[in-house]
Every structure is written in C-alpha cells, then in structure tokens.
>>> print(open('protein_27.txt').read())   # compact mmCIF, C-alpha atoms
# COMPACT_ATOMS: atom_id res chain seq x y z
CA MET W 1 0.00 0.00 0.00
CA TYR W 2 1.09 3.57 -0.67
CA ALA W 3 -0.31 6.74 0.93
CA GLU W 4 0.79 10.36 1.03
CA GLY W 5 0.73 12.52 4.13
CA GLN W 6 1.29 16.07 5.32
CA LEU W 7 3.67 17.41 7.94
CA VAL W 8 1.72 18.47 11.04
CA LYS W 9 4.29 19.30 13.68
CA VAL W 10 8.03 19.17 14.30
CA LYS W 11 9.00 18.10 17.81
CA ASP W 12 12.22 20.00 18.55
CA ASP W 13 15.12 17.98 17.11
CA GLN W 14 13.58 14.64 18.07
CA GLY W 15 11.20 13.94 15.19
CA PHE W 16 7.98 15.05 13.52
CA TYR W 17 4.30 14.18 13.20
CA VAL W 18 2.64 13.41 9.85
CA TYR W 19 -1.08 13.17 9.10
CA VAL W 20 -1.89 10.51 6.50
CA PRO W 21 -5.47 10.40 5.16
CA PHE W 22 -6.27 6.72 4.73
CA SER W 23 -9.48 4.81 4.20
CA PRO W 24 -10.67 2.28 5.18
CA THR W 25 -8.72 2.51 8.42
CA HIS W 26 -10.05 -0.84 9.68
CA LEU W 27 -7.52 -2.53 7.38
CA LEU W 28 -4.76 -1.35 9.70
CA ALA W 29 -6.24 -3.25 12.63
CA LYS W 30 -7.28 -6.23 10.50
CA ARG W 31 -3.77 -6.71 9.16
CA GLN W 32 -2.16 -5.69 12.45
CA ILE W 33 -0.12 -2.97 10.82
CA LYS W 34 1.87 -1.16 13.50
CA ARG W 35 5.02 -0.01 11.72
CA PHE W 36 5.25 2.43 8.82
CA GLU W 37 7.96 3.65 6.51
CA VAL W 38 8.17 7.35 5.76
CA ARG W 39 9.72 8.49 2.49
CA ILE W 40 11.07 12.03 2.84
CA ASP W 41 11.17 14.00 -0.42
CA ASP W 42 13.36 17.06 -0.01
CA GLY W 43 11.62 18.78 -2.92
CA ARG W 44 14.82 19.54 -4.82
CA SER W 45 15.07 18.60 -8.49
CA ILE W 46 17.52 16.03 -9.82
CA SER W 47 21.06 17.41 -10.09
CA GLY W 48 23.31 17.25 -13.10
CA LEU W 49 25.65 14.92 -11.20
CA GLN W 50 22.83 12.51 -10.40
CA ARG W 51 21.73 12.49 -14.03
CA ARG W 52 25.28 11.80 -15.23
CA LYS W 53 25.63 8.91 -12.77
CA ILE W 54 22.31 7.42 -13.92
CA TYR W 55 23.17 7.57 -17.61
CA ALA W 56 26.74 6.36 -17.07
CA THR W 57 25.39 3.32 -15.21
CA LEU W 58 22.72 2.72 -17.87
CA ARG W 59 25.43 2.80 -20.57
CA ASP W 60 27.47 0.25 -18.62
CA VAL W 61 24.45 -2.06 -18.36
CA ALA W 62 23.69 -1.53 -22.07
CA ALA W 63 27.26 -2.41 -23.06
CA TRP W 64 27.07 -5.62 -21.03
CA THR W 65 23.56 -6.73 -22.03
CA GLY W 66 23.31 -5.47 -25.60
CA HIS W 67 20.07 -3.58 -24.88
CA HIS W 68 19.54 0.08 -25.74
CA VAL W 69 19.90 2.71 -23.02
CA GLU W 70 16.35 4.05 -23.46
CA GLU W 71 14.91 0.53 -23.26
CA LEU W 72 16.82 -0.13 -20.05
CA LYS W 73 15.86 3.23 -18.60
CA ASP W 74 12.15 2.39 -18.90
CA HIS W 75 12.72 -1.15 -17.64
CA PHE W 76 14.30 0.09 -14.42
CA LYS W 77 11.69 2.83 -14.07
CA ALA W 78 9.05 0.10 -14.09
CA GLU W 79 11.00 -1.75 -11.41
CA TYR W 80 11.22 1.43 -9.36
CA VAL W 81 7.44 1.93 -9.58
CA ALA W 82 6.80 -1.71 -8.64
CA ARG W 83 9.13 -1.55 -5.62
CA THR W 84 8.12 1.82 -4.21
CA GLY W 85 4.54 2.31 -5.36
CA ASN W 86 5.53 5.79 -6.50
CA PRO W 87 4.38 7.18 -9.88
CA TRP W 88 6.27 7.14 -13.19
CA PHE W 89 8.81 9.94 -13.48
CA SER W 90 11.18 11.71 -15.84
CA THR W 91 14.93 11.74 -15.27
CA SER W 92 14.97 15.31 -16.53
CA SER W 93 12.71 16.75 -13.85
CA CYS W 94 12.24 14.26 -10.97
CA SER W 95 13.21 15.03 -7.38
CA MET W 96 16.62 14.29 -5.90
CA THR W 97 15.01 11.66 -3.70
CA THR W 98 13.52 9.82 -6.68
CA ALA W 99 16.81 10.08 -8.57
CA ASN W 100 18.71 8.53 -5.66
CA GLU W 101 16.23 5.68 -5.27
CA TYR W 102 16.33 4.98 -9.01
CA LEU W 103 20.14 5.05 -9.05
CA GLU W 104 20.27 2.62 -6.12
CA ILE W 105 18.16 0.14 -8.11
CA LEU W 106 20.59 0.42 -11.03
CA LEU W 107 23.60 -0.09 -8.76
CA GLU W 108 22.00 -3.07 -7.06
CA HIS W 109 21.41 -4.67 -10.47
CA CYS W 110 25.06 -4.15 -11.43
CA LEU W 111 26.17 -5.60 -8.12
CA GLU W 112 23.92 -8.65 -8.28
CA TRP W 113 24.88 -9.56 -11.86
CA GLU W 114 28.54 -8.45 -11.59
CA ILE W 115 28.18 -6.03 -14.47
CA PRO W 116 31.49 -4.25 -15.13
CA THR W 117 31.29 -0.48 -14.73
CA GLN W 118 33.62 2.34 -15.66
CA ASP W 119 33.51 3.78 -12.16
CA ASN W 120 33.53 2.47 -8.61
CA LEU W 121 29.95 1.72 -7.54
CA ALA W 122 30.72 2.66 -3.95
CA GLU W 123 31.54 6.19 -5.12
CA TYR W 124 28.31 6.33 -7.15
CA ALA W 125 26.11 5.06 -4.34
CA PRO W 126 23.82 7.75 -2.85
CA ASP W 127 23.90 5.81 0.43
CA ILE W 128 27.15 3.93 1.02
CA SER W 129 25.64 1.98 3.94
CA ARG W 130 22.90 0.61 1.66
CA TYR W 131 25.52 -0.35 -0.94
CA LEU W 132 27.53 -2.23 1.68
CA TYR W 133 24.35 -3.90 2.94
CA MET W 134 23.55 -5.12 -0.59
CA CYS W 135 27.11 -6.45 -0.95
CA LEU W 136 26.48 -8.52 2.18
CA TYR W 137 23.05 -9.62 0.97
CA HIS W 138 24.38 -10.83 -2.39
CA LYS W 139 27.63 -12.18 -0.91
CA LYS W 140 29.74 -9.95 -3.15
CA CYS W 141 33.08 -8.51 -2.09
CA CYS W 142 32.52 -4.85 -1.19
CA ILE W 143 35.89 -3.94 -2.74
CA THR W 144 35.77 -5.84 -6.05
CA ARG W 145 32.01 -6.73 -6.30
CA LYS W 146 33.01 -10.30 -7.17
CA SER W 147 31.45 -13.50 -5.81
CA GLY W 148 33.22 -15.77 -3.34
CA ALA W 149 33.40 -13.26 -0.50
CA HIS W 150 34.10 -14.36 3.05
CA LEU W 151 32.27 -12.81 5.98
CA HIS W 152 34.77 -10.57 7.73
CA HIS W 153 33.84 -9.71 11.30
CA VAL W 154 34.51 -6.08 12.11
CA ASP W 155 33.43 -6.73 15.69
CA HIS W 156 35.88 -9.28 17.06
CA VAL W 157 34.37 -12.67 17.85
CA GLY W 158 37.09 -13.52 20.34
CA SER W 159 39.53 -16.39 20.44
CA GLY W 160 38.23 -19.81 21.41
CA ARG W 161 34.59 -19.01 20.57
CA ASP W 162 32.73 -21.20 18.07
CA ARG W 163 31.48 -18.86 15.33
CA ARG W 164 28.75 -21.35 14.46
CA GLU W 165 27.24 -21.01 17.93
CA ILE W 166 27.48 -17.31 18.76
CA ILE W 167 24.64 -14.87 18.10
CA HIS W 168 25.68 -12.80 15.09
CA LYS W 169 22.69 -10.45 14.94
CA GLY W 170 23.84 -6.92 15.72
CA MET W 171 27.50 -7.64 15.02
CA ARG W 172 29.22 -5.57 12.33
CA ALA W 173 30.67 -7.33 9.29
CA MET W 174 31.65 -6.87 5.66
CA PRO W 175 32.05 -9.28 2.71
CA LEU W 176 35.62 -9.59 1.45
CA LEU W 177 37.51 -11.83 -0.95
CA PRO W 178 40.22 -13.86 0.84
CA GLU W 179 43.08 -11.53 -0.13
CA TYR W 180 41.25 -8.48 1.25
CA HIS W 181 40.15 -10.45 4.28
CA ASP W 182 43.81 -11.18 5.02
CA GLU W 183 44.78 -7.56 4.40
CA ALA W 184 42.16 -6.30 6.87
CA HIS W 185 43.72 -8.47 9.58
CA LEU W 186 47.23 -7.49 8.53
CA ILE W 187 46.91 -3.69 8.52
CA GLY W 188 44.12 -3.36 11.08
CA GLN W 189 40.47 -2.49 10.65
CA GLU W 190 40.75 1.30 10.94
CA SER W 191 43.53 1.48 8.34
CA PHE W 192 41.60 -0.86 6.04
CA ASN W 193 38.44 1.26 6.34
CA ARG W 194 40.35 4.44 5.51
CA LYS W 195 42.13 2.86 2.56
CA TYR W 196 39.01 1.47 0.86
CA LYS W 197 36.40 3.88 2.27
CA VAL W 198 34.24 1.09 3.72
CA PHE W 199 32.89 0.19 7.15
CA GLY W 200 31.09 -2.65 8.88
CA ILE W 201 27.33 -3.14 8.62
CA LYS W 202 25.28 -4.61 11.46
CA LEU W 203 23.91 -8.05 10.68
CA ASP W 204 20.11 -8.27 10.86
CA ASP W 205 17.78 -11.27 10.59
CA ASP W 206 17.86 -11.29 6.77
CA LEU W 207 21.65 -11.14 6.57
CA CYS W 208 22.02 -13.86 9.20
CA LYS W 209 19.74 -16.05 7.12
CA VAL W 210 21.72 -15.37 3.93
CA TRP W 211 24.98 -16.32 5.64
CA GLY W 212 23.53 -19.19 7.68
CA LEU W 213 24.27 -17.54 11.03
CA LYS W 214 22.49 -17.78 14.37
CA ASN W 215 20.40 -14.72 15.14
CA LYS W 216 18.87 -15.72 18.48
>>> encode(input="protein_27.txt", output="structure tokens")
Amino acid sequence: MYAEGQLVKVKDDQGFYVYVPFSPTHLLAKRQIKRFEVRIDDGRSISGLQRRKIYATLRDVAAWTGHHVEELKDHFKAEYVARTGNPWFSTSSCSMTTANEYLEILLEHCLEWEIPTQDNLAEYAPDISRYLYMCLYHKKCCITRKSGAHLHHVDHVGSGRDRREIIHKGMRAMPLLPEYHDEAHLIGQESFNRKYKVFGIKLDDDLCKVWGLKNK
C-alpha cells in the first residue's frame, strides 16, 4: 500500500508528526499494521551529477547486455514503480530523492549480476551503507564486487569461541575476498576502512539467514 501525508508538527530535534489520510482505516487493525515507513522527499530537483551517474550506469548495463539505453531506462523505471509504489517519473525533472532511489536500483542490479562499470559503484552510491548492505546480501566482495566473498567480522568474535554457535545479529561485518580479508587483519580495521572507504554493517535477521548464522 502507498499513501501520502502532510507534515503536522516538528518536535524540537527529536522527530515530527505526519497526518496521512487513509481509508478504510479498519484494514490497519485487521492486518495488524503497527510499523510504517516514511519516504522524505526534499523537494529539490535532480542534479546534473545525479543524471550523469544514472546515464553512465545505464550505458554500462547496455554495453554488457546489448540492450539500448532508453529501453533499459524504462525497464528500471518500471521496477522502481513496482518496488516503491511511486508514480512514473522523468529523469529530466524528478526530485533528488527519486533520482537517488532509481540510481540505487541500477547499482544493485550491477552488483547482483557483476556487471562491469567504468567507475567504482561505492563512489556512485547515494547511500554507502545501503551499498555495503547489498554487498552482504548478495555475498559480493565490497571492494571488487566479485562472488566468493568471506564474511569478515569487524566486531571481534574472540579467540576460542565457536562462530557457528554465537549470536551474530547486531555484530558488524563486511564481505571480502580472501586476499582483502587477510589484508584487513594485517593492517588493522581502521587502516583498512580508511584505505578502501568502507565500514562494517550490522547483521540483521535477513543477513544472518543469507549467511547461515544464528540470530537468536
């Protein structure tokens, strides 16, 4: 379901209240809906940099698949609409928020299918934490984007503990190919993070399931 709301009140620096007209409201109780996701549109139009990143990524996908850029652009727009429930848009006049969400779908596709790109996806990503999360979800090295990554624990497990038995949920980790995994241990986590501009992501239920880890 998708519904639009209006800002009602800002509570200091702690949050805000939104009024969302919605009918029939009994569906909320019937389906026991208690949590909601708020999409914040900053109202600014797509920037030239965002547009260049979108088209550069579309050209990379086109070169790898053999499809035309315009065909791919509409294909991923349709995926954006299906995922978000938001309306169709134009890359010439959409908001910055829409542009970022659309670009993230493109980058996720490149990551999942290991599509070679001219530029580093991590530098293109509007939200680096989401990019690193998707690397974990698809088991792709966050440095090279290649398969075969090992789970590197940023939070130390501790010597003598059985990693198959500990609760991993909430621990920070990143997916690395063996050579980068070794390097992280060799030069230390802080140095590794600075060198490659990455950081650990907390494992949630979905990531624990993907990696076959205990979460409770």
>>> atom_distance(input="protein_27.txt", atom1="atom CA of Cys94 of chain W", atom2="atom CA of Arg44 of chain W")
8.5 Å
>>> atom_distance(input="protein_27.txt", atom1="atom CA of Glu71 of chain W", atom2="atom CA of Thr98 of chain W")
19.1 Å
>>> residues_around(input="protein_27.txt", residues="segment 106-120 of chain W", least_positions_apart="3", cutoff="6 Å", atoms="only C-alpha atoms", output="MDAnalysis selection string")
chainID W and resid 60 103 123
>>> atom_distance(input="protein_27.txt", atom1="atom CA of Val38 of chain W", atom2="atom CA of His26 of chain W")
20.4 Å
>>> closest_residue(input="protein_27.txt", among="W:Met96, W:Leu121, W:Ile187, W:Val157", to="Ser45 of chain W", atoms="all atoms listed in the file")
W:Met96
>>> closest_residue(input="protein_27.txt", among="W:Met171, W:Val20, W:Ala82, W:Ala149", to="Leu7 of chain W", atoms="all atoms listed in the file")
W:Val20
>>> closest_residue(input="protein_27.txt", among="W:Ser90, W:Pro21, W:Ala78, W:Gly170", to="Gln6 of chain W", atoms="all atoms listed in the file")
W:Pro21
>>> axis_aligned_box(input="protein_27.txt", around="segment 126-132 of chain W", padding_each_side="6 Å", output="JSON")
{"center_x": 25.2, "center_y": 2.8, "center_z": 0.5, "size_x": 16.6, "size_y": 22.0, "size_z": 18.8}
>>> closest_residue(input="protein_27.txt", among="W:Ile201, W:Leu151, W:Thr97, W:His185", to="Leu213 of chain W", atoms="all atoms listed in the file")
W:Leu151
>>> residues_near_point(input="protein_27.txt", point="(35.3, 1.4, 9.7)", cutoff="12 Å", atoms="only C-alpha atoms", output="compact mmCIF listing (two decimals) with C-alpha atoms, in the coordinates of the input")
# COMPACT_ATOMS: atom_id res chain seq x y z
CA SER W 129 25.64 1.98 3.94
CA LEU W 132 27.53 -2.23 1.68
CA HIS W 153 33.84 -9.71 11.30
CA VAL W 154 34.51 -6.08 12.11
CA ASP W 155 33.43 -6.73 15.69
CA ARG W 172 29.22 -5.57 12.33
CA ALA W 173 30.67 -7.33 9.29
CA MET W 174 31.65 -6.87 5.66
CA ALA W 184 42.16 -6.30 6.87
CA GLY W 188 44.12 -3.36 11.08
CA GLN W 189 40.47 -2.49 10.65
CA GLU W 190 40.75 1.30 10.94
CA SER W 191 43.53 1.48 8.34
CA PHE W 192 41.60 -0.86 6.04
CA ASN W 193 38.44 1.26 6.34
CA ARG W 194 40.35 4.44 5.51
CA LYS W 195 42.13 2.86 2.56
CA TYR W 196 39.01 1.47 0.86
CA LYS W 197 36.40 3.88 2.27
CA VAL W 198 34.24 1.09 3.72
CA PHE W 199 32.89 0.19 7.15
CA GLY W 200 31.09 -2.65 8.88
CA ILE W 201 27.33 -3.14 8.62
CA LYS W 202 25.28 -4.61 11.46
>>> closest_residue(input="protein_27.txt", among="W:Lys73, W:Leu177, W:Gly212, W:Ala125", to="Glu165 of chain W", atoms="all atoms listed in the file")
W:Gly212
>>> closest_residue(input="protein_27.txt", among="W:Thr84, W:Ile143, W:Asp127, W:Ser93", to="Ser47 of chain W", atoms="only C-alpha atoms")
W:Ser93
